[in-house]
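So this one's protein.cif, mmCIF, C-alpha atoms:
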data_query
#
loop_
_atom_site.label_atom_id
_atom_site.label_comp_id
_atom_site.auth_asym_id
_atom_site.auth_seq_id
_atom_site.Cartn_x
_atom_site.Cartn_y
_atom_site.Cartn_z
CA MET C 1 -25.40 27.76 -15.54
CA ARG C 2 -21.99 27.12 -14.06
CA PRO C 3 -21.42 28.43 -10.53
CA GLU C 4 -19.39 31.59 -10.22
CA TYR C 5 -15.71 30.88 -9.88
CA PRO C 6 -14.28 32.16 -6.58
CA THR C 7 -11.36 34.54 -6.75
CA ASP C 8 -10.70 35.38 -3.11
CA HIS C 9 -8.71 33.00 -0.96
CA GLU C 10 -11.17 33.23 1.94
CA THR C 11 -13.85 31.58 -0.19
CA ILE C 12 -11.38 29.16 -1.69
CA GLU C 13 -10.14 28.16 1.75
CA GLY C 14 -13.72 27.53 2.84
CA LEU C 15 -14.28 25.24 -0.12
CA LEU C 16 -11.05 23.39 0.57
CA ALA C 17 -12.08 22.89 4.20
CA GLY C 18 -15.40 21.43 3.12
CA TYR C 19 -13.68 19.34 0.49
CA ALA C 20 -11.17 17.91 2.95
CA LEU C 21 -14.06 16.87 5.16
CA GLY C 22 -15.92 15.36 2.24
CA GLY C 23 -18.94 17.53 2.92
CA LEU C 24 -19.47 19.38 -0.35
CA THR C 25 -22.37 18.84 -2.71
CA GLY C 26 -23.91 20.58 -5.71
CA ASP C 27 -22.30 23.81 -6.89
CA ASP C 28 -19.78 23.77 -4.07
CA ALA C 29 -18.53 20.34 -5.09
CA GLU C 30 -18.29 21.47 -8.71
CA LEU C 31 -16.36 24.58 -7.73
CA ALA C 32 -14.00 22.56 -5.58
CA ASP C 33 -13.34 20.18 -8.45
CA ARG C 34 -12.51 23.10 -10.73
CA LEU C 35 -10.30 24.66 -8.10
CA LEU C 36 -8.41 21.44 -7.63
CA THR C 37 -7.66 21.16 -11.32
CA GLU C 38 -7.39 24.79 -12.40
CA HIS C 39 -6.10 26.76 -9.42
CA VAL C 40 -4.65 24.73 -6.59
CA PRO C 41 -1.87 23.04 -8.59
CA SER C 42 -0.37 26.41 -9.46
CA CYS C 43 -1.03 28.20 -6.16
CA VAL C 44 1.51 27.56 -3.45
CA ALA C 45 -0.73 28.95 -0.71
CA CYS C 46 -3.72 26.82 -1.68
CA ARG C 47 -1.61 23.70 -2.07
CA GLY C 48 -0.32 24.28 1.44
CA THR C 49 -3.81 24.89 2.76
CA LEU C 50 -5.18 21.75 1.15
CA MET C 51 -2.32 19.64 2.46
CA ALA C 52 -2.76 21.09 5.95
CA PHE C 53 -6.50 20.43 5.91
CA ARG C 54 -5.89 16.88 4.77
CA ASP C 55 -3.48 16.45 7.64
CA VAL C 56 -6.14 17.76 10.01
CA THR C 57 -8.73 15.30 8.74
CA ALA C 58 -6.21 12.45 9.00
CA ASP C 59 -5.51 13.53 12.55
CA LEU C 60 -9.23 13.44 13.24
CA ALA C 61 -9.08 9.79 12.26
CA LEU C 62 -6.42 9.21 14.88
CA SER C 63 -8.58 10.77 17.54
CA VAL C 64 -10.79 7.69 17.44
CA ASP C 65 -9.86 4.82 19.71
CA PRO C 66 -8.15 2.12 17.67
CA LEU C 67 -10.10 -1.10 17.52
CA PRO C 68 -8.54 -4.40 16.47
CA PRO C 69 -10.40 -5.81 13.48
CA PRO C 70 -11.65 -9.40 13.54
CA GLU C 71 -8.84 -11.94 13.29
CA THR C 72 -10.43 -13.30 10.14
CA LEU C 73 -9.76 -10.12 8.19
CA LEU C 74 -6.05 -10.56 7.47
CA PRO C 75 -6.43 -14.17 6.26
CA ARG C 76 -9.31 -12.99 4.08
CA LEU C 77 -7.05 -10.33 2.60
CA HIS C 78 -4.23 -12.81 2.08
CA ARG C 79 -6.52 -14.97 0.00
CA GLU C 80 -7.21 -12.05 -2.29
CA LEU C 81 -3.67 -10.71 -2.65
CA GLU C 82 -2.91 -11.78 -6.17
CA PRO C 83 0.66 -11.40 -7.39
CA ARG C 84 1.08 -7.91 -8.74
CA HIS C 85 4.48 -8.13 -10.40
CA GLY C 86 4.81 -7.04 -13.97
CA ARG C 87 7.45 -9.67 -14.44
CA ARG C 88 5.33 -12.51 -13.25
CA ARG C 89 3.70 -14.56 -15.92
CA PRO C 90 2.58 -17.49 -13.79
CA MET C 91 1.76 -20.65 -15.64
CA GLN C 92 -1.55 -22.46 -15.25
CA ALA C 93 -1.61 -24.42 -12.02
CA LEU C 94 -1.47 -27.87 -13.54
CA ALA C 95 1.14 -26.90 -16.08
CA MET C 96 3.15 -25.21 -13.37
CA ALA C 97 3.15 -28.23 -11.10
CA ALA C 98 4.18 -30.48 -13.94
CA GLY C 99 6.81 -27.97 -15.02
CA VAL C 100 8.37 -27.78 -11.59
CA VAL C 101 8.62 -31.52 -11.35
CA ALA C 102 10.06 -31.78 -14.84
CA VAL C 103 12.60 -29.02 -14.36
CA VAL C 104 13.77 -30.20 -10.97
CA GLY C 105 13.79 -33.81 -12.06
CA LEU C 106 15.75 -33.17 -15.22
CA ALA C 107 18.35 -31.10 -13.44
CA GLY C 108 18.66 -33.70 -10.70
CA LEU C 109 19.12 -36.49 -13.20
CA THR C 110 21.87 -34.59 -14.97
CA ILE C 111 23.63 -33.80 -11.74
CA SER C 112 23.50 -37.32 -10.46
CA GLN C 113 24.89 -38.70 -13.69
CA GLY C 114 27.31 -36.13 -15.00
CA MET C 115 28.91 -33.88 -12.38
CA ARG C 116 31.96 -34.19 -10.24
CA ALA C 117 31.07 -35.36 -6.75
CA SER C 118 31.83 -32.15 -4.80
CA ASN C 119 30.02 -29.92 -7.22
CA ALA C 120 27.15 -32.35 -7.45
CA SER C 121 26.75 -32.34 -3.70
CA ALA C 122 26.26 -28.57 -3.49
CA LYS C 123 23.97 -28.55 -6.49
CA ALA C 124 21.98 -31.42 -5.06
CA GLU C 125 21.37 -29.43 -1.89
CA ASP C 126 20.15 -26.50 -3.95
CA LEU C 127 17.92 -28.79 -5.94
CA GLN C 128 16.54 -30.31 -2.81
CA ALA C 129 15.72 -26.85 -1.48
CA ALA C 130 14.15 -25.85 -4.81
CA ALA C 131 12.09 -29.02 -4.81
CA ALA C 132 10.88 -28.26 -1.28
CA ILE C 133 9.62 -24.93 -2.50
CA ALA C 134 8.18 -26.42 -5.67
CA VAL C 135 5.89 -28.80 -3.81
CA ARG C 136 4.27 -25.96 -1.90
CA PRO C 137 0.74 -25.25 -3.13
CA ASP C 138 1.59 -21.58 -3.54
CA ALA C 139 4.83 -22.21 -5.44
CA GLU C 140 5.46 -20.05 -8.46
CA LEU C 141 7.39 -20.99 -11.57
CA VAL C 142 8.29 -18.05 -13.77
CA PRO C 143 10.21 -18.47 -17.02
CA VAL C 144 13.39 -16.43 -17.39
CA GLY C 145 14.54 -17.32 -20.88
CA PRO C 146 15.23 -21.06 -20.97
CA VAL C 147 15.40 -21.44 -17.17
CA HIS C 148 12.78 -20.94 -14.48
CA GLU C 149 12.58 -18.98 -11.29
CA VAL C 150 11.21 -21.22 -8.53
CA SER C 151 9.87 -19.29 -5.57
CA ALA C 152 7.04 -19.05 -3.09
CA PRO C 153 5.52 -16.19 -1.13
CA GLY C 154 7.33 -15.41 2.10
CA MET C 155 10.61 -17.03 1.07
CA SER C 156 13.82 -15.07 1.44
CA GLU C 157 15.46 -16.89 -1.45
CA PHE C 158 14.64 -18.36 -4.82
CA TYR C 159 16.23 -20.66 -7.35
CA LEU C 160 16.95 -20.59 -11.05
CA ILE C 161 16.87 -24.04 -12.53
CA GLY C 162 16.56 -25.57 -15.98
CA SER C 163 18.26 -26.42 -19.21
CA CYS C 164 20.34 -23.69 -20.76
CA PRO C 165 22.55 -23.46 -23.84
CA GLU C 166 26.23 -22.70 -23.37
CA PRO C 167 27.06 -18.99 -23.73
CA PRO C 168 29.39 -17.93 -26.58
CA ASP C 169 33.10 -18.63 -26.06
CA GLY C 170 34.66 -16.19 -23.59
CA SER C 171 31.24 -15.25 -22.21
CA VAL C 172 29.25 -15.95 -19.07
CA TYR C 173 25.66 -15.53 -18.01
CA ARG C 174 25.21 -12.73 -15.50
CA LEU C 175 22.23 -12.54 -13.11
CA TRP C 176 20.67 -9.18 -12.19
CA LEU C 177 17.80 -8.21 -9.93
CA VAL C 178 15.89 -5.13 -11.03
CA ALA C 179 14.03 -2.69 -8.80
CA ASP C 180 12.86 0.83 -9.55
CA GLY C 181 14.52 0.62 -12.96
CA ARG C 182 17.94 -0.19 -11.52
CA ALA C 183 19.67 -3.52 -12.16
CA THR C 184 21.83 -4.94 -9.37
CA PHE C 185 24.46 -7.55 -10.14
CA VAL C 186 24.03 -10.83 -8.27
CA THR C 187 26.35 -13.47 -9.75
CA ASP C 188 27.88 -14.97 -12.89
CA PHE C 189 27.10 -18.54 -13.83
CA GLN C 190 27.61 -21.12 -16.55
CA PRO C 191 25.60 -24.26 -17.25
CA ASP C 192 27.00 -27.60 -16.17
CA ASP C 193 26.35 -30.07 -18.94
CA GLY C 194 23.57 -27.82 -20.13
CA GLN C 195 21.89 -27.53 -16.71
CA VAL C 196 21.61 -24.52 -14.41
CA VAL C 197 20.98 -24.55 -10.67
CA VAL C 198 21.51 -21.17 -9.03
CA ALA C 199 20.49 -20.33 -5.47
CA VAL C 200 19.70 -16.63 -5.05
CA PRO C 201 19.50 -15.42 -1.43
CA PHE C 202 16.94 -12.67 -2.01
CA ASP C 203 13.16 -12.45 -1.71
CA PRO C 204 12.07 -12.17 -5.35
CA SER C 205 8.90 -10.29 -4.42
CA ARG C 206 11.06 -7.30 -3.59
CA PHE C 207 12.16 -6.92 -7.19
CA ASP C 208 10.39 -5.93 -10.35
CA ASP C 209 12.29 -8.17 -12.71
CA ILE C 210 15.03 -10.75 -13.08
CA TRP C 211 17.52 -10.42 -15.92
CA ILE C 212 20.06 -12.86 -17.25
CA SER C 213 22.52 -11.17 -19.57
CA VAL C 214 25.39 -12.45 -21.67
CA GLU C 215 28.64 -10.74 -20.71
CA THR C 216 32.33 -11.07 -21.45
CA ALA C 217 33.91 -13.32 -18.84
CA ASP C 218 35.74 -11.41 -16.07
CA SER C 219 34.26 -8.07 -17.18
CA GLU C 220 33.21 -5.48 -14.61
CA PRO C 221 29.56 -6.09 -13.68
CA SER C 222 28.47 -2.48 -13.91
CA THR C 223 25.56 -2.45 -16.33
CA PRO C 224 23.83 -5.32 -18.09
CA SER C 225 24.22 -5.71 -21.81
CA ASP C 226 21.26 -5.68 -24.15
CA GLN C 227 21.74 -9.37 -24.75
CA ARG C 228 19.53 -10.67 -22.01
CA TRP C 229 16.55 -12.68 -20.96
CA GLN C 230 13.97 -11.12 -18.68
CA ALA C 231 11.38 -12.65 -16.39
CA SER C 232 9.00 -10.08 -17.82
CA GLY C 233 9.56 -11.46 -21.33
CA PRO C 234 11.64 -10.51 -24.42
CA PRO C 235 14.24 -9.46 -25.42
CA ALA C 236 16.34 -12.59 -25.49
CA PRO C 237 20.08 -12.80 -25.97
CA SER C 238 20.79 -13.00 -29.65
CA ALA C 239 24.09 -14.67 -28.98
CA ALA C 240 22.63 -17.44 -26.87
CA MET N 1 8.24 14.37 9.53
CA ARG N 2 6.67 12.71 12.56
CA ASP N 3 7.69 9.53 14.29
CA GLY N 4 6.77 6.53 12.21
CA ASP N 5 6.46 8.40 8.93
CA GLN N 6 9.89 7.26 7.80
CA ASP N 7 9.03 3.66 8.63
CA ASP N 8 5.85 4.06 6.60
CA LEU N 9 7.82 5.31 3.62
CA GLN N 10 10.15 2.34 3.75
CA LEU N 11 7.24 -0.06 4.00
CA HIS N 12 5.53 1.65 1.11
CA ARG N 13 8.65 1.33 -1.04
CA ARG N 14 8.68 -2.39 -0.32
CA LEU N 15 4.98 -2.55 -1.08
CA LEU N 16 5.60 -1.03 -4.49
CA ALA N 17 7.87 -4.00 -5.18
CA GLY N 18 5.07 -6.39 -4.25
CA ASP N 19 6.44 -7.33 -0.85
CA ARG N 20 3.68 -9.07 1.10
CA GLY N 21 5.69 -8.75 4.28
CA ALA N 22 5.46 -4.99 3.95
CA PHE N 23 1.72 -5.32 3.42
CA ASP N 24 1.44 -7.30 6.64
CA ASP N 25 3.52 -4.74 8.49
CA LEU N 26 1.32 -1.90 7.27
CA TYR N 27 -1.72 -3.92 8.23
CA ARG N 28 -0.33 -4.33 11.75
CA ARG N 29 0.31 -0.60 11.98
CA TYR N 30 -2.94 0.67 10.56
CA SER N 31 -5.65 -1.96 10.78
CA ALA N 32 -6.72 -0.95 14.28
CA PRO N 33 -6.85 2.82 13.65
CA ALA N 34 -8.59 2.11 10.35
CA TYR N 35 -11.10 -0.29 11.86
CA GLY N 36 -11.75 2.04 14.79
CA LEU N 37 -12.43 4.88 12.38
CA ALA N 38 -14.58 2.79 10.07
CA TYR N 39 -16.58 1.47 12.98
CA ARG N 40 -17.05 4.94 14.40
CA ILE N 41 -18.43 6.13 11.07
CA THR N 42 -20.47 3.14 9.98
CA GLY N 43 -21.55 1.98 13.43
CA GLN N 44 -21.61 -1.63 12.23
CA GLN N 45 -18.85 -4.18 12.53
CA ILE N 46 -19.67 -5.88 9.25
CA LEU N 47 -19.60 -2.60 7.34
CA ALA N 48 -16.43 -1.48 9.11
CA GLN N 49 -14.77 -4.76 8.22
CA ASP N 50 -15.74 -4.34 4.58
CA VAL N 51 -14.40 -0.78 4.55
CA VAL N 52 -11.03 -1.80 5.98
CA HIS N 53 -10.88 -4.81 3.69
CA GLU N 54 -11.51 -2.67 0.63
CA ALA N 55 -9.00 -0.05 1.73
CA PHE N 56 -6.17 -2.52 2.26
CA LEU N 57 -6.99 -4.33 -0.96
CA ALA N 58 -6.89 -1.01 -2.82
CA LEU N 59 -3.54 -0.28 -1.21
CA TRP N 60 -2.15 -3.59 -2.39
CA ARG N 61 -3.50 -3.27 -5.90
CA ALA N 62 -2.50 0.34 -6.46
CA PRO N 63 0.20 1.37 -3.98
CA GLU N 64 1.36 4.00 -6.44
CA ALA N 65 -1.76 5.97 -5.52
CA PHE N 66 0.17 7.22 -2.52
CA ASP N 67 2.49 10.10 -3.39
CA ALA N 68 4.90 10.97 -0.59
CA ALA N 69 5.21 14.48 -1.98
CA ARG N 70 1.57 15.11 -1.10
CA GLY N 71 1.73 14.15 2.55
CA ALA N 72 2.30 11.39 5.05
CA PHE N 73 1.26 7.83 4.35
CA ARG N 74 -1.09 7.72 7.31
CA THR N 75 -2.81 10.84 5.97
CA PHE N 76 -3.30 9.10 2.67
CA PHE N 77 -4.44 5.78 4.06
CA LEU N 78 -6.75 7.00 6.79
CA SER N 79 -8.29 9.44 4.32
CA LEU N 80 -8.89 6.48 2.05
CA VAL N 81 -10.58 4.63 4.89
CA HIS N 82 -12.62 7.68 5.80
CA HIS N 83 -13.85 8.23 2.25
CA ARG N 84 -14.83 4.60 1.88
CA ALA N 85 -16.59 4.60 5.22
CA VAL N 86 -18.53 7.74 4.37
CA ASP N 87 -19.42 6.35 0.96
CA THR N 88 -20.63 3.20 2.64
CA VAL N 89 -22.79 5.08 5.09
CA ARG N 90 -24.32 7.20 2.39
CA ARG N 91 -24.89 4.21 0.17
CA GLU N 92 -26.46 2.17 2.88
CA GLU N 93 -28.70 5.03 3.99
CA ARG N 94 -28.61 3.89 7.52
CA MET N 95 -27.98 7.20 9.17
CA ARG N 96 -30.48 6.79 11.94
CA LYS N 97 -29.40 3.31 12.92
CA ARG N 98 -25.79 4.37 12.86
CA GLN N 99 -26.45 7.30 15.14
CA GLU N 100 -28.17 5.01 17.59
CA ARG N 101 -25.22 2.67 17.60
CA ALA N 102 -22.76 5.54 17.79
CA SER N 103 -24.34 6.65 21.01
CA ASN N 104 -23.29 3.31 22.49
CA LEU N 105 -19.85 3.34 20.92
CA GLU N 106 -17.89 4.33 23.99
CA GLU N 107 -19.10 1.21 25.73
CA VAL N 108 -17.82 -0.98 22.93
CA VAL N 109 -14.48 0.68 22.36
CA GLY N 110 -12.75 0.93 25.69
CA GLU N 111 -9.45 2.52 26.59
CA ASP N 112 -7.89 -0.83 27.45
CA VAL N 113 -8.46 -2.15 23.96
CA ALA N 114 -7.00 0.97 22.43
CA GLU N 115 -3.80 0.95 24.42
CA ASP N 116 -2.92 -2.49 23.12
CA VAL N 117 -2.63 -1.28 19.57
CA VAL N 118 -1.65 2.34 19.87
CA ASP N 119 2.02 1.56 20.37
CA ALA N 120 2.14 -0.21 17.05
CA VAL N 121 1.82 3.10 15.27
CA ASP N 122 3.21 5.34 17.96
CA ILE N 123 0.13 7.51 17.86
CA ALA N 124 -0.84 7.56 21.50
CA GLY N 125 0.71 10.97 21.97
CA ARG N 126 -0.82 12.29 18.81
CA ARG N 127 -4.24 11.05 19.77
CA SER N 128 -3.98 12.92 23.02
CA GLU N 129 -2.89 16.09 21.23
CA ILE N 130 -5.77 15.87 18.79
CA ARG N 131 -8.29 15.41 21.55
CA VAL N 132 -6.88 18.41 23.37
CA ALA N 133 -7.05 20.43 20.16
CA LEU N 134 -10.64 19.34 19.60
CA GLY N 135 -11.38 20.46 23.12
CA THR N 136 -10.29 24.00 22.29
CA LEU N 137 -13.00 24.36 19.66
CA PRO N 138 -16.18 26.20 20.55
CA PRO N 139 -18.99 23.64 20.83
CA GLU N 140 -20.80 24.90 17.74
CA GLN N 141 -17.65 24.51 15.63
CA ARG N 142 -16.86 21.09 17.01
CA GLN N 143 -20.42 20.00 16.29
CA VAL N 144 -20.29 20.77 12.57
CA LEU N 145 -16.84 19.19 12.33
CA GLU N 146 -17.93 15.95 13.95
CA LEU N 147 -21.17 15.75 12.00
CA ALA N 148 -19.19 16.11 8.78
CA TYR N 149 -16.29 13.85 9.58
CA PHE N 150 -17.66 11.15 11.84
CA GLN N 151 -21.21 10.99 10.57
CA GLY N 152 -20.47 11.66 6.94
CA MET N 153 -23.00 14.48 6.65
CA THR N 154 -22.74 16.97 3.85
CA GLN N 155 -22.84 20.64 4.71
CA VAL N 156 -26.40 20.82 3.41
CA GLN N 157 -27.43 17.92 5.64
CA ILE N 158 -25.74 19.53 8.63
CA ALA N 159 -27.66 22.75 8.02
CA GLU N 160 -30.90 20.81 7.94
CA HIS N 161 -29.95 18.64 10.88
CA ILE N 162 -29.20 21.44 13.31
CA GLN N 163 -31.40 23.98 11.55
CA ILE N 164 -28.92 26.71 10.81
CA PRO N 165 -28.21 28.50 7.50
CA LEU N 166 -25.83 26.75 5.10
CA GLY N 167 -23.57 29.79 5.19
CA THR N 168 -23.22 29.41 8.94
CA VAL N 169 -22.20 25.79 8.51
CA LYS N 170 -19.52 26.85 6.06
CA THR N 171 -18.28 29.60 8.36
CA ARG N 172 -18.11 27.29 11.37
CA THR N 173 -16.42 24.57 9.34
CA LEU N 174 -13.69 26.88 8.10
CA ALA N 175 -13.16 28.36 11.54
CA ALA N 176 -12.88 24.90 13.07
CA MET N 177 -10.44 23.66 10.44
CA ARG N 178 -8.28 26.75 10.76
CA LYS N 179 -8.15 26.49 14.53
CA LEU N 180 -7.34 22.79 14.47
CA ARG N 181 -4.64 23.42 11.89
CA ARG N 182 -3.06 26.08 14.06
CA GLU N 183 -3.28 23.99 17.21
CA LEU N 184 -1.82 20.88 15.63
CA GLU N 185 0.94 22.73 13.79
CA ARG N 186 1.86 24.44 17.03
CA LYS N 187 2.17 21.07 18.72
CA ASP N 188 4.29 19.79 15.82
CA ASP N 189 6.64 22.71 16.24
CA ALA N 190 6.86 22.33 20.00
#

Take the structure I supplied and represent it as structure tokens, if you would.
Amino acid sequence: MRPEYPTDHETIEGLLAGYALGGLTGDDAELADRLLTEHVPSCVACRGTLMAFRDVTADLALSVDPLPPPETLLPRLHRELEPRHGRRRPMQALAMAAGVVAVVGLAGLTISQGMRASNASAKAEDLQAAAAIAVRPDAELVPVGPVHEVSAPGMSEFYLIGSCPEPPDGSVYRLWLVADGRATFVTDFQPDDGQVVVAVPFDPSRFDDIWISVETADSEPSTPSDQRWQASGPPAPSAA
Amino acid sequence: MRDGDQDDLQLHRRLLAGDRGAFDDLYRRYSAPAYGLAYRITGQQILAQDVVHEAFLALWRAPEAFDAARGAFRTFFLSLVHHRAVDTVRREERMRKRQERASNLEEVVGEDVAEDVVDAVDIAGRRSEIRVALGTLPPEQRQVLELAYFQGMTQVQIAEHIQIPLGTVKTRTLAAMRKLRRELERKDDA
């Protein structure tokens, strides 16, 4: 038989107090569960009471003297903090290492052979920085359409490098960083002899996705078009 | 909103985006209060370490579990630690050993150690207020509160432990929670 449902707030408050302390069992626990789903959400007074009691119990936690945990705990946690980004589709370790070398090497070869000296110098510096990241054991290589994001945990910048087709005439590629569903314009870019090297001065872990859209050259970078590549996968620009 | 709550919200927003730096910052702010609480409840360093480890890992894996509309971050996180610690104690069924160790706790956790980490969360003042508020409770109310919260006893276990009717435990619990709520809200308003 189900326990009798309380109707007076004195009884309800008593159950919420016991619930906040984690001390309910049996019928009381069942009643509290029902209250939390059937009554509390629609009762302003009970919601306030529950929140206040939760605050009290949290304050009880603070009454205890803090005690530094063993120094080994944070490194242990770090080892278990797997990337949690929806956009990240990390490649297998061996494939990733080979991919980084191939991408950086190919771009470097193109730059050394085909670009004007001044441009090549700046790009070479970016490539050198990307390569320095790529050789780290925790480096990550995430495809964004035909190019790759090269990054590593703790870095305040990342790089887009790789081979990329030319955009349609009168168009450019536009880079966006996406967080909380909002895309923020970063820069326009075009491939040089089919190669892209873009330095992006932001920590990629702070963003949910990276988009590369195809836009009309010199247009206002307000919202990205639907023609885009995403680090999280399709869609891809139909025009590219 | 109390001091530090806004910082917590900003860190949590960064955590939602997968920012490990924010995770480290939250660890620096809350690992010591969390470990102190877990140790107080479990009475064993190894269990306390596991509790804090699990709590932070859960925070990393599901940061969306915290809803700012339902209260402060520290309320959420320390409640998480508390629940895990209590679950651990109940699972381990080591109540007696824990009580024995708890009786020696004050020797292990000294004031000097605490002061080093309190500033990180700006809770020194709050801790003092809470202890004062606890001191206003009649002994019989404080007893049931501490048995429930710090020793993870259910109300039924408390009734058996101190040999009073279950209804009396409930009455004392509610009275204690109401009084603490009033005292702490009064201090917040001051």

Point-to-point distance from CA of Gln10 in chain N to CA of Glu71 in chain C, Å rounded to tenths =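 We find that CA of Gln10 in chain N and CA of Glu71 in chain C lie 25.6 Å from each other.
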
Written as a PDB file with C-alpha atoms, in the coordinates of the input, which residues does the PyMOL selection byres ((chain N and resi 171) around 12) give for the file shown?
ATOM      1  CA  GLU C  10     -11.170  33.230   1.940  1.00  0.00           C
ATOM      2  CA  THR C  11     -13.850  31.580  -0.190  1.00  0.00           C
ATOM      3  CA  GLU C  13     -10.140  28.160   1.750  1.00  0.00           C
ATOM      4  CA  GLY C  14     -13.720  27.530   2.840  1.00  0.00           C
ATOM      5  CA  LEU C  15     -14.280  25.240  -0.120  1.00  0.00           C
ATOM      6  CA  ALA C  17     -12.080  22.890   4.200  1.00  0.00           C
ATOM      7  CA  GLY C  18     -15.400  21.430   3.120  1.00  0.00           C
TER       8      GLY C  18
ATOM      9  CA  GLU N 140     -20.800  24.900  17.740  1.00  0.00           C
ATOM     10  CA  GLN N 141     -17.650  24.510  15.630  1.00  0.00           C
ATOM     11  CA  VAL N 144     -20.290  20.770  12.570  1.00  0.00           C
ATOM     12  CA  LEU N 145     -16.840  19.190  12.330  1.00  0.00           C
ATOM     13  CA  GLN N 155     -22.840  20.640   4.710  1.00  0.00           C
ATOM     14  CA  ALA N 159     -27.660  22.750   8.020  1.00  0.00           C
ATOM     15  CA  ILE N 164     -28.920  26.710  10.810  1.00  0.00           C
ATOM     16  CA  PRO N 165     -28.210  28.500   7.500  1.00  0.00           C
ATOM     17  CA  LEU N 166     -25.830  26.750   5.100  1.00  0.00           C
ATOM     18  CA  GLY N 167     -23.570  29.790   5.190  1.00  0.00           C
ATOM     19  CA  THR N 168     -23.220  29.410   8.940  1.00  0.00           C
ATOM     20  CA  VAL N 169     -22.200  25.790   8.510  1.00  0.00           C
ATOM     21  CA  LYS N 170     -19.520  26.850   6.060  1.00  0.00           C
ATOM     22  CA  ARG N 172     -18.110  27.290  11.370  1.00  0.00           C
ATOM     23  CA  THR N 173     -16.420  24.570   9.340  1.00  0.00           C
ATOM     24  CA  LEU N 174     -13.690  26.880   8.100  1.00  0.00           C
ATOM     25  CA  ALA N 175     -13.160  28.360  11.540  1.00  0.00           C
ATOM     26  CA  ALA N 176     -12.880  24.900  13.070  1.00  0.00           C
ATOM     27  CA  MET N 177     -10.440  23.660  10.440  1.00  0.00           C
ATOM     28  CA  ARG N 178      -8.280  26.750  10.760  1.00  0.00           C
TER      29      ARG N 178
END

Rank N:Thr88, N:Glu64, N:Arg28, N:Ala38 by their smallest atom-to-atom distance to Arg14 in chain N, using all atoms listed in the file, and report the top residue only.
-> N:Glu64

I need every residue sitting at most 7 Å from the point (29.1, -9.9, -19.5) (coordinates as in the file, only C-alpha atoms considered), written as a PDB file with C-alpha atoms, keeping the file's coordinate frame.
ATOM      1  CA  SER C 171      31.240 -15.250 -22.210  1.00  0.00           C
ATOM      2  CA  VAL C 172      29.250 -15.950 -19.070  1.00  0.00           C
ATOM      3  CA  TYR C 173      25.660 -15.530 -18.010  1.00  0.00           C
ATOM      4  CA  ARG C 174      25.210 -12.730 -15.500  1.00  0.00           C
ATOM      5  CA  SER C 213      22.520 -11.170 -19.570  1.00  0.00           C
ATOM      6  CA  VAL C 214      25.390 -12.450 -21.670  1.00  0.00           C
ATOM      7  CA  GLU C 215      28.640 -10.740 -20.710  1.00  0.00           C
ATOM      8  CA  THR C 216      32.330 -11.070 -21.450  1.00  0.00           C
ATOM      9  CA  ALA C 217      33.910 -13.320 -18.840  1.00  0.00           C
ATOM     10  CA  SER C 219      34.260  -8.070 -17.180  1.00  0.00           C
ATOM     11  CA  PRO C 221      29.560  -6.090 -13.680  1.00  0.00           C
ATOM     12  CA  SER C 225      24.220  -5.710 -21.810  1.00  0.00           C
TER      13      SER C 225
END

Given the file shown, determine the residues that the PyMOL selection byres ((chain C and resi 189-193) around 7) selects; report them as a PyMOL selection string.
-> chain C and resi 164+166+172-174+187-188+194-196

Residues matched by the PyMOL selection byres ((chain C and resi 62) around 9) as a list in words | Thr57, Ala58, Asp59, Leu60, Ala61, Ser63, Val64, Asp65 and Pro66 of chain C; Pro33, Ala34, Gly36, Leu37, Leu78, Ile123, Ala124, Arg126, Arg127 and Ile130 of chain N

Name the residues within 12 Å of (-8.5, 22.4, -9.0), counting all atoms listed in the file in the file's coordinates, and put them as a ChimeraX atom specification.
-> /C:5-6,12,15-16,19,29-43,46-47,50

Supply range 209-216 of chain C as an mmCIF file, in the frame of the given file, with N, CA and C atoms built in where the input has gaps.
data_model
loop_
_atom_site.group_PDB
_atom_site.id
_atom_site.type_symbol
_atom_site.label_atom_id
_atom_site.label_comp_id
_atom_site.auth_asym_id
_atom_site.auth_seq_id
_atom_site.Cartn_x
_atom_site.Cartn_y
_atom_site.Cartn_z
ATOM 1 N N ASP C 209 11.945 -7.312 -11.592
ATOM 2 C CA ASP C 209 12.290 -8.170 -12.710
ATOM 3 C C ASP C 209 13.580 -8.933 -12.398
ATOM 4 N N ILE C 210 13.785 -9.979 -13.144
ATOM 5 C CA ILE C 210 15.030 -10.750 -13.080
ATOM 6 C C ILE C 210 15.603 -10.777 -14.493
ATOM 7 N N TRP C 211 16.871 -10.407 -14.608
ATOM 8 C CA TRP C 211 17.520 -10.420 -15.920
ATOM 9 C C TRP C 211 18.677 -11.396 -15.900
ATOM 10 N N ILE C 212 18.858 -12.053 -17.025
ATOM 11 C CA ILE C 212 20.060 -12.860 -17.250
ATOM 12 C C ILE C 212 20.698 -12.346 -18.522
ATOM 13 N N SER C 213 21.863 -11.745 -18.393
ATOM 14 C CA SER C 213 22.520 -11.170 -19.570
ATOM 15 C C SER C 213 23.722 -12.015 -19.960
ATOM 16 N N VAL C 214 24.165 -11.809 -21.173
ATOM 17 C CA VAL C 214 25.390 -12.450 -21.670
ATOM 18 C C VAL C 214 26.498 -11.415 -21.629
ATOM 19 N N GLU C 215 27.568 -11.724 -20.899
ATOM 20 C CA GLU C 215 28.640 -10.740 -20.710
ATOM 21 C C GLU C 215 29.996 -11.403 -20.993
ATOM 22 N N THR C 216 30.972 -10.569 -21.296
ATOM 23 C CA THR C 216 32.330 -11.070 -21.450
ATOM 24 C C THR C 216 32.836 -11.563 -20.100
#
